[in-house]
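File shown here: entry-v8.txt, holding compact mmCIF, C-alpha atoms (C1' of nucleotides).
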# COMPACT_ATOMS: atom_id res chain seq x y z
CA MET G 1 -22.58 17.37 -7.41
CA PRO G 2 -18.79 17.22 -7.30
CA TYR G 3 -18.66 13.58 -8.32
CA ASP G 4 -16.08 14.25 -10.95
CA LEU G 5 -13.73 16.00 -8.54
CA ILE G 6 -13.47 12.72 -6.65
CA GLU G 7 -12.42 10.92 -9.79
CA LEU G 8 -10.15 13.67 -11.06
CA LEU G 9 -8.31 13.59 -7.73
CA PHE G 10 -7.92 9.83 -8.01
CA PHE G 11 -6.45 9.93 -11.50
CA ALA G 12 -4.37 13.07 -10.88
CA TYR G 13 -2.78 11.59 -7.79
CA ARG G 14 -2.13 8.29 -9.52
CA ASP G 15 -0.16 9.92 -12.31
CA PHE G 16 1.51 12.33 -9.90
CA THR G 17 2.97 9.49 -7.85
CA GLY G 18 3.61 7.47 -11.01
CA ASP G 19 6.54 9.64 -12.11
CA PRO G 20 8.77 8.94 -9.08
CA ASP G 21 7.45 5.38 -8.80
CA ASP G 22 8.70 4.61 -12.30
CA ALA G 23 12.03 6.31 -11.71
CA LEU G 24 12.62 4.45 -8.43
CA ALA G 25 11.68 1.06 -9.84
CA GLU G 26 15.14 0.94 -11.47
CA PHE G 27 16.75 1.08 -8.04
CA ASP G 28 14.32 -1.49 -6.65
CA PHE G 29 12.84 1.17 -4.44
CA GLY G 30 9.17 1.94 -4.09
CA ARG G 31 6.86 4.66 -2.93
CA ALA G 32 7.72 4.11 0.70
CA HIS G 33 11.36 4.92 -0.03
CA HIS G 34 10.34 8.02 -1.91
CA ARG G 35 8.31 9.36 0.97
CA VAL G 36 11.13 8.85 3.45
CA LEU G 37 13.70 10.38 1.11
CA HIS G 38 11.47 13.34 0.40
CA PHE G 39 10.83 14.30 3.99
CA VAL G 40 14.41 13.74 5.08
CA GLU G 41 15.61 15.92 2.20
CA ARG G 42 13.14 18.59 3.24
CA ASN G 43 13.92 18.31 6.96
CA PRO G 44 17.63 17.63 7.32
CA GLY G 45 18.44 16.32 10.78
CA ILE G 46 14.89 15.14 11.46
CA MET G 47 14.39 12.73 14.35
CA VAL G 48 13.11 9.24 13.60
CA THR G 49 10.14 9.88 15.90
CA ASP G 50 9.14 13.03 14.05
CA LEU G 51 9.42 11.30 10.69
CA LEU G 52 7.13 8.55 11.98
CA GLY G 53 4.66 11.23 12.99
CA ILE G 54 4.69 12.84 9.56
CA LEU G 55 4.30 9.59 7.68
CA ARG G 56 1.91 8.10 10.24
CA ILE G 57 3.50 4.69 10.06
CA THR G 58 5.01 2.47 12.73
CA LYS G 59 8.63 2.20 13.71
CA GLN G 60 8.72 -1.32 12.33
CA SER G 61 7.41 -0.25 8.95
CA LEU G 62 9.94 2.54 8.68
CA GLY G 63 12.73 0.24 9.87
CA ARG G 64 13.14 -1.87 6.78
CA VAL G 65 12.78 1.00 4.32
CA LEU G 66 15.20 3.20 6.24
CA LYS G 67 17.77 0.41 6.51
CA GLN G 68 17.67 -0.10 2.75
CA LEU G 69 18.15 3.61 2.14
CA VAL G 70 21.07 3.76 4.59
CA ASP G 71 22.64 0.62 3.07
CA ALA G 72 22.31 2.14 -0.39
CA GLY G 73 24.08 5.29 0.77
CA ILE G 74 21.03 7.49 0.20
CA ILE G 75 20.41 8.45 3.81
CA GLU G 76 22.83 8.96 6.66
CA GLN G 77 22.23 8.76 10.42
CA ARG G 78 24.13 10.98 12.84
CA GLU G 79 24.05 10.97 16.60
CA GLY G 80 22.30 14.00 18.04
CA SER G 81 24.76 16.50 19.53
CA HIS G 82 22.52 17.49 22.46
CA ASP G 83 20.72 14.19 22.87
CA ARG G 84 22.89 11.24 22.05
CA ARG G 85 19.95 8.83 21.86
CA GLN G 86 18.85 10.46 18.64
CA ARG G 87 19.84 9.17 15.21
CA LEU G 88 19.21 12.28 13.16
CA LEU G 89 18.54 11.70 9.48
CA TYR G 90 20.25 13.42 6.59
CA THR G 91 20.44 12.75 2.87
CA THR G 92 23.91 11.95 1.56
CA GLU G 93 25.16 13.77 -1.51
CA ARG G 94 23.86 10.92 -3.60
CA GLY G 95 20.55 10.98 -1.73
CA HIS G 96 20.26 14.71 -2.28
CA THR G 97 20.81 14.28 -6.02
CA LEU G 98 18.18 11.55 -6.20
CA ALA G 99 15.69 13.61 -4.21
CA VAL G 100 16.22 16.59 -6.50
CA ASP G 101 15.70 14.41 -9.56
CA LEU G 102 12.44 13.01 -8.25
CA THR G 103 11.19 16.41 -7.21
CA ARG G 104 12.02 17.75 -10.65
CA LEU G 105 9.66 15.19 -12.19
CA GLN G 106 6.84 16.21 -9.90
CA LYS G 107 7.45 19.94 -10.32
CA LYS G 108 7.34 19.45 -14.08
CA ARG G 109 3.93 17.85 -13.85
CA LEU G 110 2.67 20.55 -11.49
CA LYS G 111 3.88 23.31 -13.81
CA ARG G 112 2.24 21.65 -16.79
CA ALA G 113 -0.98 21.39 -14.80
CA GLN G 114 -0.99 25.15 -14.26
CA ILE G 115 -0.76 26.05 -17.95
CA GLY G 116 -3.65 28.22 -19.04
CA LEU G 117 -4.91 28.91 -15.54
CA PRO G 118 -5.73 32.54 -14.66
CA GLU G 119 -3.66 34.77 -12.39
CA GLY G 120 -4.01 33.81 -8.73
CA SER G 121 -4.81 30.16 -9.42
CA ASP G 122 -1.76 29.04 -7.54
CA GLU G 123 -3.05 30.53 -4.32
CA ILE G 124 -6.51 29.03 -4.84
CA ILE G 125 -5.10 25.55 -5.38
CA ARG G 126 -2.86 25.85 -2.34
CA LYS G 127 -5.75 26.96 -0.17
CA PHE G 128 -7.99 24.21 -1.53
CA LEU G 129 -5.42 21.52 -0.81
CA LEU G 130 -4.72 22.87 2.66
CA GLN G 131 -8.43 22.87 3.48
CA MET G 132 -8.69 19.27 2.29
CA ILE G 133 -6.47 18.34 5.21
CA ASP G 134 -7.94 17.50 8.62
CA PRO G 135 -8.18 20.79 10.54
CA GLU G 136 -6.23 19.40 13.50
CA ALA G 137 -3.31 18.49 11.26
CA ARG G 138 -3.10 21.75 9.33
CA GLY G 139 -0.96 23.55 11.87
CA ASP G 140 1.79 20.98 11.85
CA ILE G 141 1.72 20.68 8.09
CA LEU G 142 1.89 24.43 7.61
CA LYS G 143 4.95 24.49 9.81
CA LEU G 144 6.45 21.79 7.61
CA VAL G 145 5.82 23.55 4.32
CA ARG G 146 6.26 27.07 5.67
CA SER G 147 9.71 27.75 4.27
CA SER G 148 8.53 27.81 0.67
CA PHE G 149 5.09 29.15 1.53
CA ASP G 150 6.59 32.26 3.11
CA LEU G 151 8.26 33.28 -0.11
CA ARG G 152 4.91 34.21 -1.53
CA ASP G 153 3.09 35.60 1.51
CA MET R 154 9.47 26.63 -6.28
CA PRO R 155 6.30 24.59 -5.80
CA TYR R 156 7.81 22.33 -3.17
CA ASP R 157 4.90 22.81 -0.85
CA LEU R 158 2.33 21.83 -3.47
CA ILE R 159 3.94 18.41 -3.54
CA GLU R 160 3.49 18.05 0.18
CA LEU R 161 0.03 19.56 0.29
CA LEU R 162 -1.07 17.05 -2.32
CA PHE R 163 0.37 14.25 -0.24
CA PHE R 164 -1.42 15.23 2.93
CA ALA R 165 -4.64 16.26 1.19
CA TYR R 166 -4.90 12.95 -0.61
CA ARG R 167 -4.11 11.00 2.53
CA ASP R 168 -6.96 12.58 4.46
CA PHE R 169 -9.27 12.43 1.45
CA THR R 170 -8.90 8.66 1.20
CA GLY R 171 -8.88 8.35 4.97
CA ASP R 172 -12.61 9.04 5.28
CA PRO R 173 -13.81 6.03 3.27
CA ASP R 174 -10.92 3.92 4.55
CA ASP R 175 -12.09 4.40 8.12
CA ALA R 176 -15.72 3.77 7.22
CA LEU R 177 -14.90 0.57 5.34
CA ALA R 178 -12.63 -0.81 8.05
CA GLU R 179 -15.79 -1.77 9.97
CA PHE R 180 -16.79 -4.08 7.13
CA ASP R 181 -13.25 -5.45 6.84
CA PHE R 182 -12.96 -3.84 3.46
CA GLY R 183 -10.09 -1.68 2.29
CA ARG R 184 -9.25 0.89 -0.30
CA ALA R 185 -9.22 -1.65 -3.09
CA HIS R 186 -12.86 -2.47 -2.37
CA HIS R 187 -13.75 1.19 -2.33
CA ARG R 188 -12.24 1.82 -5.74
CA VAL R 189 -14.09 -1.11 -7.28
CA LEU R 190 -17.36 -0.12 -5.64
CA HIS R 191 -16.98 3.48 -6.72
CA PHE R 192 -16.38 2.79 -10.39
CA VAL R 193 -19.07 0.12 -10.60
CA GLU R 194 -21.54 2.51 -8.99
CA ARG R 195 -20.58 5.19 -11.47
CA ASN R 196 -20.61 2.84 -14.47
CA PRO R 197 -23.41 0.35 -13.98
CA GLY R 198 -23.02 -2.64 -16.27
CA ILE R 199 -19.29 -2.12 -16.76
CA MET R 200 -17.30 -5.03 -18.18
CA VAL R 201 -14.61 -6.59 -16.03
CA THR R 202 -12.04 -5.79 -18.72
CA ASP R 203 -12.94 -2.11 -18.75
CA LEU R 204 -12.81 -1.91 -14.97
CA LEU R 205 -9.33 -3.42 -15.06
CA GLY R 206 -8.34 -0.73 -17.53
CA ILE R 207 -9.62 2.07 -15.32
CA LEU R 208 -7.99 0.76 -12.18
CA ARG R 209 -4.85 -0.37 -14.00
CA ILE R 210 -4.61 -3.56 -12.00
CA THR R 211 -4.46 -7.17 -13.10
CA LYS R 212 -7.34 -9.60 -13.36
CA GLN R 213 -5.85 -11.59 -10.53
CA SER R 214 -5.73 -8.59 -8.22
CA LEU R 215 -9.30 -7.67 -8.98
CA GLY R 216 -10.43 -11.26 -8.56
CA ARG R 217 -10.18 -11.54 -4.82
CA VAL R 218 -11.60 -8.11 -4.09
CA LEU R 219 -14.49 -8.56 -6.48
CA LYS R 220 -15.31 -11.97 -5.06
CA GLN R 221 -15.50 -10.52 -1.56
CA LEU R 222 -17.79 -7.74 -2.73
CA VAL R 223 -20.05 -10.19 -4.54
CA ASP R 224 -20.10 -12.54 -1.53
CA ALA R 225 -21.04 -9.63 0.72
CA GLY R 226 -23.94 -8.72 -1.55
CA ILE R 227 -22.44 -5.35 -2.52
CA ILE R 228 -21.87 -6.06 -6.21
CA GLU R 229 -23.82 -8.21 -8.59
CA GLN R 230 -22.70 -9.86 -11.83
CA ARG R 231 -25.07 -10.30 -14.75
CA GLU R 232 -24.49 -12.06 -18.02
CA GLY R 233 -24.26 -9.68 -20.97
CA SER R 234 -27.38 -9.77 -23.12
CA HIS R 235 -25.51 -9.38 -26.40
CA ASP R 236 -22.29 -11.13 -25.42
CA ARG R 237 -22.87 -13.96 -23.01
CA ARG R 238 -19.17 -14.18 -22.07
CA GLN R 239 -19.47 -10.91 -20.23
CA ARG R 240 -20.17 -10.68 -16.51
CA LEU R 241 -21.41 -7.12 -16.30
CA LEU R 242 -21.04 -5.47 -12.92
CA TYR R 243 -23.75 -3.66 -11.00
CA THR R 244 -24.10 -2.49 -7.43
CA THR R 245 -26.89 -4.12 -5.46
CA GLU R 246 -29.27 -1.93 -3.52
CA ARG R 247 -27.07 -2.42 -0.50
CA GLY R 248 -23.98 -1.64 -2.58
CA HIS R 249 -25.59 1.49 -3.90
CA THR R 250 -26.38 2.68 -0.40
CA LEU R 251 -22.82 2.02 0.73
CA ALA R 252 -21.38 3.81 -2.31
CA VAL R 253 -23.59 6.82 -1.67
CA ASP R 254 -22.51 6.92 1.97
CA LEU R 255 -18.83 6.86 1.08
CA THR R 256 -19.26 9.47 -1.60
CA ARG R 257 -21.07 11.68 0.87
CA LEU R 258 -18.01 11.67 3.13
CA GLN R 259 -15.76 12.70 0.29
CA LYS R 260 -18.13 15.35 -1.01
CA LYS R 261 -18.30 16.80 2.47
CA ARG R 262 -14.54 17.17 2.60
CA LEU R 263 -14.44 18.67 -0.89
CA LYS R 264 -17.12 21.19 -0.01
CA ARG R 265 -15.31 22.17 3.17
CA ALA R 266 -12.12 22.60 1.15
CA GLN R 267 -13.86 25.11 -1.09
CA ILE R 268 -14.99 27.40 1.71
CA GLY R 269 -13.69 30.92 1.25
CA LEU R 270 -12.45 30.39 -2.27
CA PRO R 271 -13.39 33.06 -4.83
CA GLU R 272 -15.95 32.64 -7.58
CA GLY R 273 -14.71 30.39 -10.38
CA SER R 274 -12.34 28.41 -8.17
CA ASP R 275 -14.19 25.22 -8.89
CA GLU R 276 -13.36 25.44 -12.56
CA ILE R 277 -9.71 26.23 -11.87
CA ILE R 278 -9.33 23.25 -9.56
CA ARG R 279 -11.02 20.95 -12.05
CA LYS R 280 -8.77 22.13 -14.87
CA PHE R 281 -5.68 21.84 -12.69
CA LEU R 282 -6.51 18.27 -11.72
CA LEU R 283 -7.31 17.29 -15.29
CA GLN R 284 -4.00 18.70 -16.48
CA MET R 285 -2.19 16.74 -13.79
CA ILE R 286 -3.26 13.59 -15.61
CA ASP R 287 -1.15 12.06 -18.37
CA PRO R 288 -2.28 13.71 -21.62
CA GLU R 289 -2.90 10.35 -23.32
CA ALA R 290 -5.29 9.31 -20.55
CA ARG R 291 -7.30 12.54 -20.37
CA GLY R 292 -9.68 11.63 -23.16
CA ASP R 293 -10.83 8.40 -21.57
CA ILE R 294 -11.11 9.98 -18.16
CA LEU R 295 -13.13 12.91 -19.46
CA LYS R 296 -15.52 10.43 -21.03
CA LEU R 297 -15.77 8.76 -17.63
CA VAL R 298 -16.52 11.92 -15.66
CA ARG R 299 -18.45 13.65 -18.44
CA SER R 300 -21.94 13.18 -17.07
CA SER R 301 -21.42 15.48 -14.13
CA PHE R 302 -18.99 17.75 -15.95
CA ASP R 303 -21.57 18.62 -18.57
CA LEU R 304 -23.94 20.03 -15.98
CA ARG R 305 -21.72 23.03 -15.60
CA ASP R 306 -20.38 23.54 -19.16
C1' DG X 307 -13.09 -24.90 -38.03
C1' DA X 308 -9.64 -21.79 -36.18
C1' DA X 309 -8.51 -17.84 -33.79
C1' DT X 310 -9.65 -14.43 -30.60
C1' DT X 311 -11.83 -12.51 -26.60
C1' DA X 312 -13.96 -12.33 -21.77
C1' DA X 313 -13.57 -14.09 -17.63
C1' DG X 314 -11.78 -16.90 -14.07
C1' DT X 315 -8.33 -19.72 -11.48
C1' DC X 316 -3.91 -21.79 -9.50
C1' DA X 317 0.55 -20.90 -7.68
C1' DA X 318 4.26 -18.27 -6.23
C1' DT X 319 6.12 -13.78 -4.97
C1' DA X 320 6.87 -8.72 -3.50
C1' DT X 321 5.80 -4.52 -1.05
C1' DG X 322 4.26 -1.96 2.48
C1' DA X 323 1.83 -1.93 6.11
C1' DC X 324 0.32 -3.88 10.87
C1' DT X 325 0.49 -5.85 16.17
C1' DG X 326 2.95 -7.28 20.11
C1' DA X 327 6.91 -8.00 22.73
C1' DC X 328 11.31 -6.93 24.08
C1' DA X 329 16.17 -4.60 24.41
C1' DT X 330 19.43 -0.83 24.94
C1' DA X 331 21.10 3.48 25.97
C1' DA X 332 20.50 8.07 27.30
C1' DA X 333 17.96 11.67 29.41
C1' DT X 334 14.80 13.29 32.85
C1' DT X 335 12.26 13.16 37.10
C1' DT X 336 11.68 12.17 41.77
C1' DA A 337 21.17 7.82 43.25
C1' DA A 338 17.32 5.32 41.77
C1' DA A 339 13.27 5.15 39.06
C1' DT A 340 10.98 6.46 35.06
C1' DT A 341 10.53 8.01 30.55
C1' DT A 342 12.13 8.64 25.88
C1' DA A 343 14.51 7.48 21.40
C1' DT A 344 15.64 3.95 18.78
C1' DG A 345 16.01 -0.59 17.16
C1' DT A 346 14.79 -5.51 16.58
C1' DC A 347 12.42 -10.20 16.45
C1' DA A 348 8.46 -12.63 14.98
C1' DG A 349 4.24 -13.19 12.84
C1' DT A 350 0.41 -11.44 10.01
C1' DC A 351 -2.39 -8.95 6.50
C1' DA A 352 -3.78 -6.35 2.24
C1' DT A 353 -2.82 -5.34 -2.16
C1' DA A 354 -0.44 -5.93 -5.77
C1' DT A 355 2.54 -8.62 -9.18
C1' DT A 356 4.00 -12.53 -13.01
C1' DG A 357 3.11 -16.66 -15.48
C1' DA A 358 0.44 -20.48 -16.88
C1' DC A 359 -3.76 -22.45 -17.86
C1' DT A 360 -9.05 -23.25 -18.49
C1' DT A 361 -13.72 -22.49 -20.13
C1' DA A 362 -17.09 -20.53 -22.82
C1' DA A 363 -18.58 -17.59 -26.35
C1' DT A 364 -17.84 -14.81 -30.27
C1' DT A 365 -15.65 -13.61 -34.55
C1' DC A 366 -13.01 -14.47 -38.66
Step by step, read the file and then write its structure as structure tokens.
Amino acid sequence: MPYDLIELLFFAYRDFTGDPDDALAEFDFGRAHHRVLHFVERNPGIMVTDLLGILRITKQSLGRVLKQLVDAGIIEQREGSHDRRQRLLYTTERGHTLAVDLTRLQKKRLKRAQIGLPEGSDEIIRKFLLQMIDPEARGDILKLVRSSFDLRD
Amino acid sequence: MPYDLIELLFFAYRDFTGDPDDALAEFDFGRAHHRVLHFVERNPGIMVTDLLGILRITKQSLGRVLKQLVDAGIIEQREGSHDRRQRLLYTTERGHTLAVDLTRLQKKRLKRAQIGLPEGSDEIIRKFLLQMIDPEARGDILKLVRSSFDLRD
DNA sequence: GAATTAAGTCAATATGACTGACATAAATTT
DNA sequence: AAATTTATGTCAGTCATATTGACTTAATTC
């Protein structure tokens, strides 16, 4: 009975998100800001609509968070060159630095979690996590994470 | 660079919590109720103080959620036999059934996620998740999940 | 008897989400 | 060219989950 896996996931995820949460609290930002910053950093020039799709939140929910990030000079909006309705999202230099800092915290925890694991564990964990995701969503998500995935395949 | 692990964790956890979230929406309960129900089911007779420690929320936050669960006949409070200040928490029969149902959903997803993984993957995943947790907290959490862990060690 | 502990409550506040309605501008379709 | 669709943004109201701080009651411990 994998009862303990349920609980381990709960506690692992809590501490995993705790690192950036604590760091962002100084800026009066929260987890919502982190998520937006992360996916904009990873997908420079992303459309607002696509970001909404990734985060599965409404336009209104994104609105406030995005405005705060733009006002704080973390994220920048540029008119699309082909389609001038678009407000493509980019991190500013400051936003990039912040994103890198937050990612560093999470990478550190992930590396520490892999200490003492046998050869090939990385691939197992990746496959496990991917298969935890709803089958219909896996394709899109793989596209999203492909760039770094490819380096190992 | 384990950039994709960060994102896989995000999406995996979202879908993992999505199963019980959807199921509980019918009862007008949310994730907070699920967490309380889960840990009471797993630790029958737990003290309110200890539950607060596990969930790392305040008494006031727990208050409302717990009241709703008690009112709905999901959780039951009994006076401690040794210490009559205590209001020890138990699931009712109905609460037990609900907890089992929700756990079933999550076990199903976990089992599906382990399809095609090599022998010994279970142990690797468990160790990885445990090592994701803050070192200071691991002891307490291991105590919490011990019962099922022992079956395999 | 005094201090501490377990639990609960009142009040105010913050964050992150939601629904629904509507507005604007640009692109696409007919 | 007109009609429709799309991308984005905004106004208004609401909800769930969490917070801080202050205080109460009852029971246990020192």
> Excluding same-chain residues fewer than 5 positions from region 344-360 of chain A, what lies within 12 Å of it counting only C-alpha atoms (C1' of nucleotides), as a ChimeraX atom specification?
Replying inline: /G:47-49,52,59-64,66-67,77,79,84-88 /R:178,181-186,208-218 /X:313-332
I need the chosen residues saved as a short mmCIF file (atom, residue, chain, number, x, y, z; two decimals), in the frame of the given file, with C-alpha atoms (C1' of nucleotides).
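The resulting file, selection-v4.cif, is shown below:
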data_model
loop_
_atom_site.label_atom_id
_atom_site.label_comp_id
_atom_site.auth_asym_id
_atom_site.auth_seq_id
_atom_site.Cartn_x
_atom_site.Cartn_y
_atom_site.Cartn_z
CA MET G 47 14.39 12.73 14.35
CA VAL G 48 13.11 9.24 13.60
CA THR G 49 10.14 9.88 15.90
CA LEU G 52 7.13 8.55 11.98
CA LYS G 59 8.63 2.20 13.71
CA GLN G 60 8.72 -1.32 12.33
CA SER G 61 7.41 -0.25 8.95
CA LEU G 62 9.94 2.54 8.68
CA GLY G 63 12.73 0.24 9.87
CA ARG G 64 13.14 -1.87 6.78
CA LEU G 66 15.20 3.20 6.24
CA LYS G 67 17.77 0.41 6.51
CA GLN G 77 22.23 8.76 10.42
CA GLU G 79 24.05 10.97 16.60
CA ARG G 84 22.89 11.24 22.05
CA ARG G 85 19.95 8.83 21.86
CA GLN G 86 18.85 10.46 18.64
CA ARG G 87 19.84 9.17 15.21
CA LEU G 88 19.21 12.28 13.16
CA ALA R 178 -12.63 -0.81 8.05
CA ASP R 181 -13.25 -5.45 6.84
CA PHE R 182 -12.96 -3.84 3.46
CA GLY R 183 -10.09 -1.68 2.29
CA ARG R 184 -9.25 0.89 -0.30
CA ALA R 185 -9.22 -1.65 -3.09
CA HIS R 186 -12.86 -2.47 -2.37
CA LEU R 208 -7.99 0.76 -12.18
CA ARG R 209 -4.85 -0.37 -14.00
CA ILE R 210 -4.61 -3.56 -12.00
CA THR R 211 -4.46 -7.17 -13.10
CA LYS R 212 -7.34 -9.60 -13.36
CA GLN R 213 -5.85 -11.59 -10.53
CA SER R 214 -5.73 -8.59 -8.22
CA LEU R 215 -9.30 -7.67 -8.98
CA GLY R 216 -10.43 -11.26 -8.56
CA ARG R 217 -10.18 -11.54 -4.82
CA VAL R 218 -11.60 -8.11 -4.09
"C1'" DA X 313 -13.57 -14.09 -17.63
"C1'" DG X 314 -11.78 -16.90 -14.07
"C1'" DT X 315 -8.33 -19.72 -11.48
"C1'" DC X 316 -3.91 -21.79 -9.50
"C1'" DA X 317 0.55 -20.90 -7.68
"C1'" DA X 318 4.26 -18.27 -6.23
"C1'" DT X 319 6.12 -13.78 -4.97
"C1'" DA X 320 6.87 -8.72 -3.50
"C1'" DT X 321 5.80 -4.52 -1.05
"C1'" DG X 322 4.26 -1.96 2.48
"C1'" DA X 323 1.83 -1.93 6.11
"C1'" DC X 324 0.32 -3.88 10.87
"C1'" DT X 325 0.49 -5.85 16.17
"C1'" DG X 326 2.95 -7.28 20.11
"C1'" DA X 327 6.91 -8.00 22.73
"C1'" DC X 328 11.31 -6.93 24.08
"C1'" DA X 329 16.17 -4.60 24.41
"C1'" DT X 330 19.43 -0.83 24.94
"C1'" DA X 331 21.10 3.48 25.97
"C1'" DA X 332 20.50 8.07 27.30
#
>> Could you list, as a list in words, every residue within 12 Å of DA308 (chain X), counting only C-alpha atoms (C1' of nucleotides) and ignoring same-chain residues fewer than 2 positions away?
In response: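 Result of the neighbour search: DT310 of chain X; DT365 and DC366 of chain A.
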Take the residues just selected and output them with C-alpha atoms (C1' of nucleotides) as a PDB file, keeping the file's coordinate frame.
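Listing of selection12.pdb after writing:
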ATOM      1  C1'  DT X 310      -9.650 -14.430 -30.600  1.00  0.00           C
TER       2       DT X 310
ATOM      3  C1'  DT A 365     -15.650 -13.610 -34.550  1.00  0.00           C
ATOM      4  C1'  DC A 366     -13.010 -14.470 -38.660  1.00  0.00           C
TER       5       DC A 366
END
> Do you have the CA of Asp293 (chain R)-CA of Val193 (chain R) distance handy?
Replying inline: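 Computing the Euclidean distance for CA of Asp293 (chain R) and CA of Val193 (chain R) yields 16.0 Å.
With CA of Lys261 (chain R) on one side and CA of His187 (chain R) on the other, the separation reads 17.0 Å.
When CA of Ala176 (chain R) is paired with CA of Leu158 (chain R), their separation reads 27.7 Å.
Among the candidates R:Glu229, R:Asp224, R:Asp168, R:Glu246, the residue lying nearest to chain G is R:Asp168 (atoms considered: all atoms listed in the file).
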Using all atoms of region 343-350 of chain A listed in the file and a margin of 5 Å per side, can you give the axis-aligned box centre and edge lengths in Å to one decimal, as AutoDock Vina command-line options?
--center_x 8.2 --center_y -2.9 --center_z 15.7 --size_x 25.6 --size_y 30.7 --size_z 21.4
Using only C-alpha atoms, which residues of chain G come within 8 Å of chain R, and what is the closest atom pair for each, with the distance in Å to one decimal? Give it as a Markdown table, sorted by chain and residue number.
| residue | atom | partner | partner_atom | distance |
| --- | --- | --- | --- | --- |
| G:Met1 | CA | R:Ser301 | CA | 7.1 |
| G:Pro2 | CA | R:Lys260 | CA | 6.6 |
| G:Tyr3 | CA | R:Ser301 | CA | 6.7 |
| G:Asp4 | CA | R:Val298 | CA | 5.3 |
| G:Leu5 | CA | R:Arg279 | CA | 6.6 |
| G:Ile6 | CA | R:Gln259 | CA | 7.3 |
| G:Glu7 | CA | R:Val298 | CA | 7.2 |
| G:Leu8 | CA | R:Leu282 | CA | 5.9 |
| G:Leu9 | CA | R:Leu282 | CA | 6.4 |
| G:Phe11 | CA | R:Ile286 | CA | 6.4 |
| G:Ala12 | CA | R:Ile286 | CA | 4.9 |
| G:Tyr13 | CA | R:Tyr166 | CA | 7.6 |
| G:Asp15 | CA | R:Ile286 | CA | 5.8 |
| G:Phe16 | CA | R:Met285 | CA | 6.9 |
| G:Thr103 | CA | R:Tyr156 | CA | 7.9 |
| G:Gln106 | CA | R:Ile159 | CA | 7.3 |
| G:Lys107 | CA | R:Pro155 | CA | 6.6 |
| G:Arg109 | CA | R:Met285 | CA | 6.2 |
| G:Leu110 | CA | R:Met285 | CA | 6.6 |
| G:Arg112 | CA | R:Gln284 | CA | 6.9 |
| G:Ala113 | CA | R:Gln284 | CA | 4.4 |
| G:Gln114 | CA | R:Phe281 | CA | 6.0 |
| G:Leu117 | CA | R:Ile277 | CA | 6.6 |
| G:Pro118 | CA | R:Ile277 | CA | 8.0 |
| G:Ser121 | CA | R:Ile277 | CA | 6.7 |
| G:Ile124 | CA | R:Leu270 | CA | 6.6 |
| G:Ile125 | CA | R:Ile278 | CA | 6.4 |
| G:Arg126 | CA | R:Leu158 | CA | 6.7 |
| G:Lys127 | CA | R:Leu270 | CA | 7.8 |
| G:Phe128 | CA | R:Ala266 | CA | 5.2 |
| G:Leu129 | CA | R:Ala165 | CA | 5.7 |
| G:Leu130 | CA | R:Leu161 | CA | 6.3 |
| G:Gln131 | CA | R:Ala266 | CA | 4.4 |
| G:Met132 | CA | R:Ala266 | CA | 4.9 |
| G:Ile133 | CA | R:Ala165 | CA | 4.9 |
| G:Asp134 | CA | R:Asp168 | CA | 6.5 |
| G:Val145 | CA | R:Asp157 | CA | 5.3 |
| G:Arg146 | CA | R:Asp157 | CA | 7.9 |
| G:Ser148 | CA | R:Asp157 | CA | 6.4 |
| G:Phe149 | CA | R:Asp157 | CA | 6.8 |
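Minimum atom-to-atom distance to chain X, evaluated using all atoms listed in the file, belongs to R:Asp236 out of R:Asp236, R:Val223, R:Leu251, R:Glu272.
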> For DT364 (chain A), which residue out of R:Leu222, R:Ile199, R:Asp175, R:His235 is the nearest one, using only C-alpha atoms (C1' of nucleotides)?
Replying inline: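 Ranking R:Leu222, R:Ile199, R:Asp175, R:His235 by distance to DT364 (chain A), first place goes to R:His235.
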